[in-house]
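Dumped query.txt below, it's compact mmCIF, C-alpha atoms and all ligand atoms:
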```txt
# COMPACT_ATOMS: atom_id res chain seq x y z
CA MET A 1 -16.29 8.86 0.32
CA VAL A 2 -15.61 8.14 3.95
CA GLN A 3 -12.31 9.76 4.82
CA ASP A 4 -11.66 8.15 8.19
CA HIS A 5 -8.97 5.53 7.55
CA SER A 6 -8.62 4.64 11.22
CA ARG A 7 -7.03 1.24 11.68
CA VAL A 8 -8.62 0.69 15.08
CA PHE A 9 -12.09 -0.74 14.49
CA GLN A 10 -14.04 -1.94 17.48
CA ASP A 11 -11.66 -4.25 19.36
CA LEU A 12 -10.03 -5.79 16.35
CA ILE A 13 -6.25 -5.82 16.31
CA LEU A 14 -5.33 -7.14 12.89
CA VAL A 15 -8.14 -6.13 10.53
CA TYR A 16 -10.07 -2.95 9.76
CA PRO A 17 -12.64 -1.78 7.18
CA VAL A 18 -11.98 1.16 4.86
CA ILE A 19 -13.99 2.68 2.05
CA SER A 20 -11.17 3.24 -0.37
CA ARG A 21 -11.16 5.42 -3.45
CA ARG A 22 -8.43 3.33 -5.03
CA SER A 23 -10.37 0.12 -4.41
CA GLN A 24 -13.62 1.84 -5.40
CA GLY A 25 -15.44 0.38 -2.42
CA LEU A 26 -14.90 -1.64 0.70
CA SER A 27 -11.38 -2.76 1.40
CA ILE A 28 -10.68 -4.96 4.38
CA GLY A 29 -7.26 -3.96 5.63
CA ILE A 30 -5.02 -6.56 7.22
CA ASN A 31 -2.55 -4.91 9.54
CA LEU A 32 0.46 -7.21 9.70
CA ASN A 33 2.37 -4.66 11.77
CA PRO A 34 0.36 -4.02 14.92
CA ASP A 35 3.75 -3.32 16.51
CA LYS A 36 4.11 -0.38 14.03
CA ARG A 37 7.46 -1.61 12.74
CA CYS A 38 8.69 -0.32 9.42
CA ASN A 39 12.03 -0.29 7.63
CA PHE A 40 11.24 3.13 6.13
CA ASP A 41 10.66 6.34 8.02
CA CYS A 42 8.81 8.35 5.38
CA VAL A 43 8.50 12.05 6.05
CA TYR A 44 4.80 11.83 5.27
CA CYS A 45 3.98 8.70 7.31
CA GLU A 46 0.58 8.87 8.97
CA VAL A 47 1.21 6.13 11.51
CA ASP A 48 1.12 7.54 15.02
CA ARG A 49 4.22 6.07 16.62
CA ARG A 50 3.84 8.16 19.77
CA THR A 51 1.41 5.54 21.06
CA PRO A 52 2.70 1.97 21.45
CA GLY A 53 1.66 -0.85 19.13
CA ARG A 54 -1.06 -3.27 20.16
CA ALA A 55 0.81 -6.54 19.54
CA SER A 56 4.30 -7.60 18.51
CA VAL A 57 3.61 -10.72 16.46
CA VAL A 58 0.92 -11.73 14.03
CA ASP A 59 -0.98 -14.66 15.46
CA VAL A 60 -2.45 -16.44 12.42
CA ASP A 61 -5.28 -17.96 14.44
CA LEU A 62 -6.29 -14.53 15.66
CA LEU A 63 -5.99 -13.18 12.12
CA ARG A 64 -8.29 -15.92 10.83
CA GLU A 65 -10.82 -15.29 13.59
CA GLU A 66 -10.85 -11.51 13.12
CA LEU A 67 -10.93 -11.65 9.34
CA ARG A 68 -13.80 -14.13 9.28
CA TRP A 69 -15.71 -11.98 11.76
CA LEU A 70 -15.25 -8.74 9.83
CA VAL A 71 -16.03 -10.25 6.43
CA ARG A 72 -19.21 -11.86 7.78
CA PHE A 73 -20.17 -8.63 9.58
CA SER A 74 -19.75 -6.66 6.35
CA LEU A 75 -21.62 -9.11 4.14
CA GLU A 76 -24.51 -9.30 6.62
CA GLY A 77 -24.90 -5.52 6.55
CA GLY A 78 -23.33 -4.74 9.92
CA LEU A 79 -21.07 -2.02 8.61
CA ALA A 80 -23.94 -0.36 6.78
CA GLN A 81 -25.63 0.24 10.15
CA LEU A 82 -22.70 2.17 11.59
CA PRO A 83 -22.66 5.99 11.58
CA LYS A 84 -19.12 5.93 10.21
CA PHE A 85 -20.35 4.33 6.98
CA CYS A 86 -23.78 5.96 6.79
CA GLU A 87 -22.83 8.01 3.71
CA VAL A 88 -22.05 4.92 1.67
CA PRO A 89 -24.07 1.98 3.07
CA GLU A 90 -24.40 0.39 -0.40
CA LEU A 91 -20.61 0.08 -0.68
CA THR A 92 -20.12 -1.79 2.56
CA ARG A 93 -21.70 -5.09 1.52
CA VAL A 94 -19.27 -5.85 -1.29
CA VAL A 95 -15.70 -6.67 -0.35
CA ARG A 96 -13.55 -5.29 -3.16
CA ASP A 97 -10.27 -6.42 -1.72
CA LEU A 98 -8.38 -7.80 1.23
CA ALA A 99 -5.33 -5.56 1.55
CA PHE A 100 -2.12 -6.26 3.44
CA SER A 101 -1.30 -2.83 4.68
CA GLY A 102 -1.49 -1.20 8.05
CA ASP A 103 0.89 0.40 10.50
CA GLY A 104 4.22 -0.69 9.00
CA GLU A 105 5.80 -2.80 6.29
CA PRO A 106 3.94 -6.12 5.80
CA THR A 107 6.94 -7.95 4.32
CA MET A 108 8.93 -7.53 7.53
CA ILE A 109 7.09 -10.24 9.41
CA PRO A 110 8.49 -13.79 9.48
CA ASN A 111 5.18 -15.53 8.69
CA PHE A 112 3.95 -13.49 5.73
CA SER A 113 3.00 -16.48 3.56
CA ALA A 114 1.01 -18.05 6.42
CA CYS A 115 -0.97 -14.80 6.69
CA VAL A 116 -1.60 -14.83 2.93
CA GLN A 117 -2.90 -18.39 3.27
CA VAL A 118 -5.41 -17.17 5.87
CA ALA A 119 -6.66 -14.48 3.49
CA VAL A 120 -6.93 -17.03 0.66
CA ASP A 121 -8.90 -19.40 2.91
CA VAL A 122 -11.31 -16.69 4.06
CA LYS A 123 -11.78 -15.43 0.50
CA ARG A 124 -12.77 -18.97 -0.54
CA GLU A 125 -14.95 -19.60 2.50
CA PHE A 126 -17.05 -16.50 1.82
CA HIS A 127 -17.05 -16.96 -1.97
CA LEU A 128 -15.30 -13.67 -2.57
CA GLU A 129 -14.14 -14.77 -6.01
CA ALA A 130 -13.96 -11.23 -7.37
CA ALA A 131 -12.15 -9.76 -4.37
CA LYS A 132 -8.49 -8.99 -4.91
CA LEU A 133 -5.68 -9.70 -2.52
CA VAL A 134 -3.62 -6.53 -2.42
CA LEU A 135 -0.15 -6.06 -0.98
CA ILE A 136 0.84 -2.47 -0.25
CA THR A 137 4.58 -2.55 0.23
CA ASP A 138 7.75 -0.48 0.32
CA SER A 139 9.36 -3.39 -1.58
CA ALA A 140 12.27 -3.82 0.83
CA GLY A 141 11.31 -7.40 1.70
CA LEU A 142 10.17 -8.68 -1.69
CA ASP A 143 13.35 -10.77 -2.06
CA LYS A 144 12.74 -12.86 1.09
CA ALA A 145 11.94 -16.53 0.44
CA ASP A 146 8.82 -16.60 2.61
CA VAL A 147 7.56 -13.37 1.06
CA ARG A 148 8.12 -14.74 -2.44
CA ALA A 149 6.05 -17.80 -1.45
CA GLY A 150 3.33 -15.43 -0.22
CA LEU A 151 3.42 -13.43 -3.45
CA GLU A 152 3.09 -16.64 -5.45
CA LEU A 153 0.02 -17.57 -3.44
CA MET A 154 -1.43 -14.11 -3.87
CA ALA A 155 -0.83 -14.19 -7.62
CA GLN A 156 -2.89 -17.38 -7.84
CA ASN A 157 -5.76 -15.64 -6.02
CA GLN A 158 -6.34 -12.31 -7.78
CA GLY A 159 -3.23 -10.82 -6.21
CA GLU A 160 -2.12 -7.26 -6.89
CA PHE A 161 1.17 -5.78 -5.82
CA TRP A 162 1.20 -2.06 -5.08
CA CYS A 163 4.83 -1.09 -4.68
CA LYS A 164 6.12 2.23 -3.42
CA LEU A 165 8.69 4.25 -5.35
CA ASP A 166 9.00 7.91 -4.39
CA ALA A 167 12.48 8.77 -5.68
CA GLY A 168 14.85 8.37 -8.57
CA THR A 169 18.13 8.96 -6.75
CA GLU A 170 19.65 7.72 -3.54
CA PRO A 171 19.90 11.21 -1.94
CA TYR A 172 16.24 12.01 -2.57
CA PHE A 173 15.25 8.52 -1.38
CA ARG A 174 17.15 9.23 1.84
CA THR A 175 15.41 12.60 2.19
CA VAL A 176 11.89 11.32 1.68
CA ASN A 177 11.87 7.68 2.77
CA ARG A 178 14.75 7.88 5.28
CA SER A 179 15.49 4.15 5.14
CA PHE A 180 18.72 2.36 6.02
CA ILE A 181 18.05 0.15 3.00
CA ARG A 182 19.64 1.26 -0.25
CA LEU A 183 17.50 2.38 -3.18
CA GLU A 184 19.35 -0.08 -5.40
CA ARG A 185 17.96 -2.97 -3.39
CA ILE A 186 14.44 -1.57 -3.65
CA LEU A 187 14.85 -1.25 -7.42
CA LYS A 188 16.22 -4.75 -7.74
CA ASN A 189 13.25 -6.11 -5.80
CA LEU A 190 10.81 -4.09 -7.89
CA THR A 191 12.41 -5.35 -11.09
CA GLN A 192 12.47 -8.99 -10.06
CA THR A 193 8.88 -8.84 -8.88
CA ALA A 194 7.72 -7.07 -12.04
CA GLN A 195 9.51 -9.68 -14.15
CA ARG A 196 7.37 -12.35 -12.51
CA TRP A 197 4.04 -10.52 -12.07
CA PRO A 198 2.62 -7.16 -13.16
CA ILE A 199 3.03 -4.52 -10.47
CA ILE A 200 1.42 -1.18 -9.73
CA VAL A 201 3.90 1.51 -8.74
CA GLN A 202 2.61 3.87 -6.09
CA SER A 203 4.47 7.14 -5.86
CA LEU A 204 3.86 9.95 -3.43
CA PHE A 205 4.95 13.36 -4.65
CA LEU A 206 5.25 16.25 -2.24
CA LYS A 207 6.97 19.55 -1.57
CA VAL A 208 10.15 19.39 0.46
CA GLN A 209 10.88 22.75 2.09
CA GLY A 210 8.38 24.30 -0.33
CA GLU A 211 10.03 22.80 -3.45
CA VAL A 212 8.39 20.32 -5.79
CA MET A 213 10.54 17.44 -7.09
CA SER A 214 13.25 18.89 -9.34
CA PRO A 215 13.21 18.14 -13.10
CA ALA A 216 16.47 16.17 -12.67
CA GLU A 217 14.97 14.02 -9.90
CA LEU A 218 11.79 13.44 -11.89
CA GLU A 219 13.89 12.47 -14.92
CA ALA A 220 15.84 10.01 -12.74
CA TYR A 221 12.58 8.61 -11.34
CA CYS A 222 11.19 8.10 -14.86
CA GLY A 223 14.49 6.47 -15.82
CA ARG A 224 14.06 3.96 -13.00
CA LEU A 225 10.61 3.03 -14.30
CA ARG A 226 12.00 2.67 -17.82
CA ASP A 227 14.79 0.46 -16.45
CA ILE A 228 12.26 -1.90 -14.88
CA VAL A 229 10.36 -2.18 -18.15
CA ALA A 230 13.57 -2.55 -20.19
CA ALA A 231 14.57 -5.45 -17.92
CA GLY A 232 11.36 -7.25 -18.85
CA GLY A 233 9.23 -6.05 -15.95
CA THR A 234 5.56 -5.17 -16.31
CA ILE A 235 4.28 -2.02 -14.66
CA ARG A 236 0.54 -2.11 -15.10
CA GLU A 237 -0.01 1.41 -13.83
CA VAL A 238 1.59 4.22 -11.88
CA HIS A 239 -0.47 5.76 -9.11
CA ALA A 240 0.65 9.32 -8.45
CA TYR A 241 -0.63 10.83 -5.26
CA THR A 242 0.24 13.41 -2.67
CA ILE A 243 -0.06 14.01 1.02
CA ALA A 244 -3.63 13.77 2.29
CA ARG A 245 -3.23 14.56 5.98
CA PRO A 246 -0.82 16.52 8.17
CA THR A 247 2.67 15.01 8.19
CA PRO A 248 5.05 14.55 11.12
CA GLU A 249 7.42 16.93 9.35
CA PRO A 250 6.02 20.43 8.80
CA TRP A 251 8.42 20.97 5.85
CA ALA A 252 6.84 18.09 3.94
CA THR A 253 3.70 19.47 2.31
CA LYS A 254 1.00 18.62 -0.20
CA LEU A 255 1.10 19.35 -3.93
CA SER A 256 -1.77 21.12 -5.62
CA ARG A 257 -3.83 19.13 -8.12
CA VAL A 258 -2.21 21.12 -10.93
CA GLU A 259 1.32 20.33 -9.71
CA LEU A 260 0.47 16.65 -9.39
CA GLU A 261 -1.08 16.58 -12.86
CA GLN A 262 2.06 18.19 -14.30
CA ILE A 263 4.20 15.47 -12.77
CA ALA A 264 1.82 12.80 -14.09
CA THR A 265 2.02 14.31 -17.58
CA THR A 266 5.82 14.17 -17.48
CA ILE A 267 5.78 10.54 -16.31
CA ARG A 268 3.39 9.58 -19.11
CA ALA A 269 5.54 11.36 -21.68
CA GLN A 270 8.81 9.89 -20.45
CA THR A 271 7.71 6.32 -19.76
CA GLU A 272 4.57 5.75 -21.88
CA LEU A 273 3.03 4.11 -18.81
CA PRO A 274 -0.57 4.72 -17.72
CA VAL A 275 -0.61 7.10 -14.76
CA ARG A 276 -3.58 7.67 -12.46
CA VAL A 277 -3.68 10.69 -10.22
CA PHE A 278 -5.11 10.69 -6.68
CA ASP A 279 -5.05 13.87 -4.65
S1 LIG B 1 6.59 2.74 4.27
FE1 LIG B 1 4.52 3.25 4.92
S2 LIG B 1 4.39 2.68 7.10
FE2 LIG B 1 6.58 2.74 6.53
S3 LIG B 1 7.23 4.80 7.12
FE3 LIG B 1 6.64 4.86 4.94
S4 LIG B 1 4.48 5.49 4.94
FE4 LIG B 1 4.99 4.82 7.05
```

What does the file become when written as structure tokens?
Ligand code: SF4
Amino acid sequence: MVQDHSRVFQDLILVYPVISRRSQGLSIGINLNPDKRCNFDCVYCEVDRRTPGRASVVDVDLLREELRWLVRFSLEGGLAQLPKFCEVPELTRVVRDLAFSGDGEPTMIPNFSACVQVAVDVKREFHLEAAKLVLITDSAGLDKADVRAGLELMAQNQGEFWCKLDAGTEPYFRTVNRSFIRLERILKNLTQTAQRWPIIVQSLFLKVQGEVMSPAELEAYCGRLRDIVAAGGTIREVHAYTIARPTPEPWATKLSRVELEQIATTIRAQTELPVRVFD
């Protein structure tokens, strides 16, 4: 698989192509945060905030133009010609998903639902019936009215919601995600979203100062997942993964495959949810 997840492709500002293991093929990323704004400050964040962002607002006309260009380029075989994708040319002609992701938190922008509408329109225009619309989110903004409208639109168009949860307690949440938002709000948003639509929980496990997540923290984390389900929420799957690239904090380090599998086994046992491991 191509490992370069660079979000700067040619001169495009708002979209980028990625061969993604989780999508099992070509994912067109939609970067709704070219300004690199996020309401988390995760210790493992890969976004390079030493260089300034390329734009401060999402212009929906520009998004439409760039997305149409990149989808057409991919379908016509343009990506397959590029050295970056030469290992997997056969994967580049099928768009598996359009994913709201990028250099920050997508739900922070004021015109989220308008951006979803653009993706829906382009999906229809290019007959990408099987392609999913994926939102990769830290869940902090899932309670906003415009975001809820966007989620509704996504759900009507093969939407999937991939929601981050890395902690079970407020102190650990503050250590790893370093947000000014309280964990309780994140959990409330996760629960309300999961009550309406199935969600996928994405959890990054790591070593903090050489220590894996403690049994008490992992128990609390599993308890949070059980709470969501007990409240009538549907968690379709848990994706357990670890750090893939160097982090801004040298004390935040990767788990071994064995350590990650052990955590996944505990989650399965304590929640009875399906857990997929990505390392
Ligand atoms: S939520 Fe994502 S973009 Fe924001 S700090 Fe964490 S890893 Fe980075």

### Task
Using all atoms listed in the file, determine which residues fall within 8 Å of ligand LIG 1 (chain B), then list them as a PyMOL selection string.
chain A and resi 36-47+102-105+137-138+164+177

### Query
Using only C-alpha atoms, which residues sit within 7 Å of A:Pro17 once same-chain residues fewer than 3 positions away are excluded, as a ChimeraX atom specification?
/A:26-29

#### Entry: Near-stretch 232-243 of chain A list (8 Å; all atoms listed in the file; drop same-chain fewer than 5 positions) as JSON, numbers by chain
{"A": [44, 191, 192, 193, 194, 195, 196, 197, 198, 199, 200, 201, 202, 203, 204, 205, 206, 253, 254, 255, 260, 264, 273, 274, 275, 276, 277, 278, 279]}

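Counting all atoms listed in the file, the residue from A:Ser214, A:Ser113, A:Lys84, A:Ala119 that sits nearest to A:Glu152 is A:Ser113.
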
### Query
A:Ala230, A:Leu142, A:Leu187, A:Arg72: which is nearest A:His127, counting all atoms listed in the file?
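Under the stated criterion, the closest residue is A:Arg72.
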
#### Entry: Pick from A:Cys86, A:Ala114, A:Val122, A:Val134 nearest to A:Arg68, counting all atoms listed in the file
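Among the listed residues, the smallest separation from A:Arg68 belongs to A:Val122.
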
### Atom pair atom CA of A:Gln209 / atom CA of A:Trp251: separation (Å)
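For atom CA of A:Gln209 relative to atom CA of A:Trp251, the distance reads 4.8 Å.
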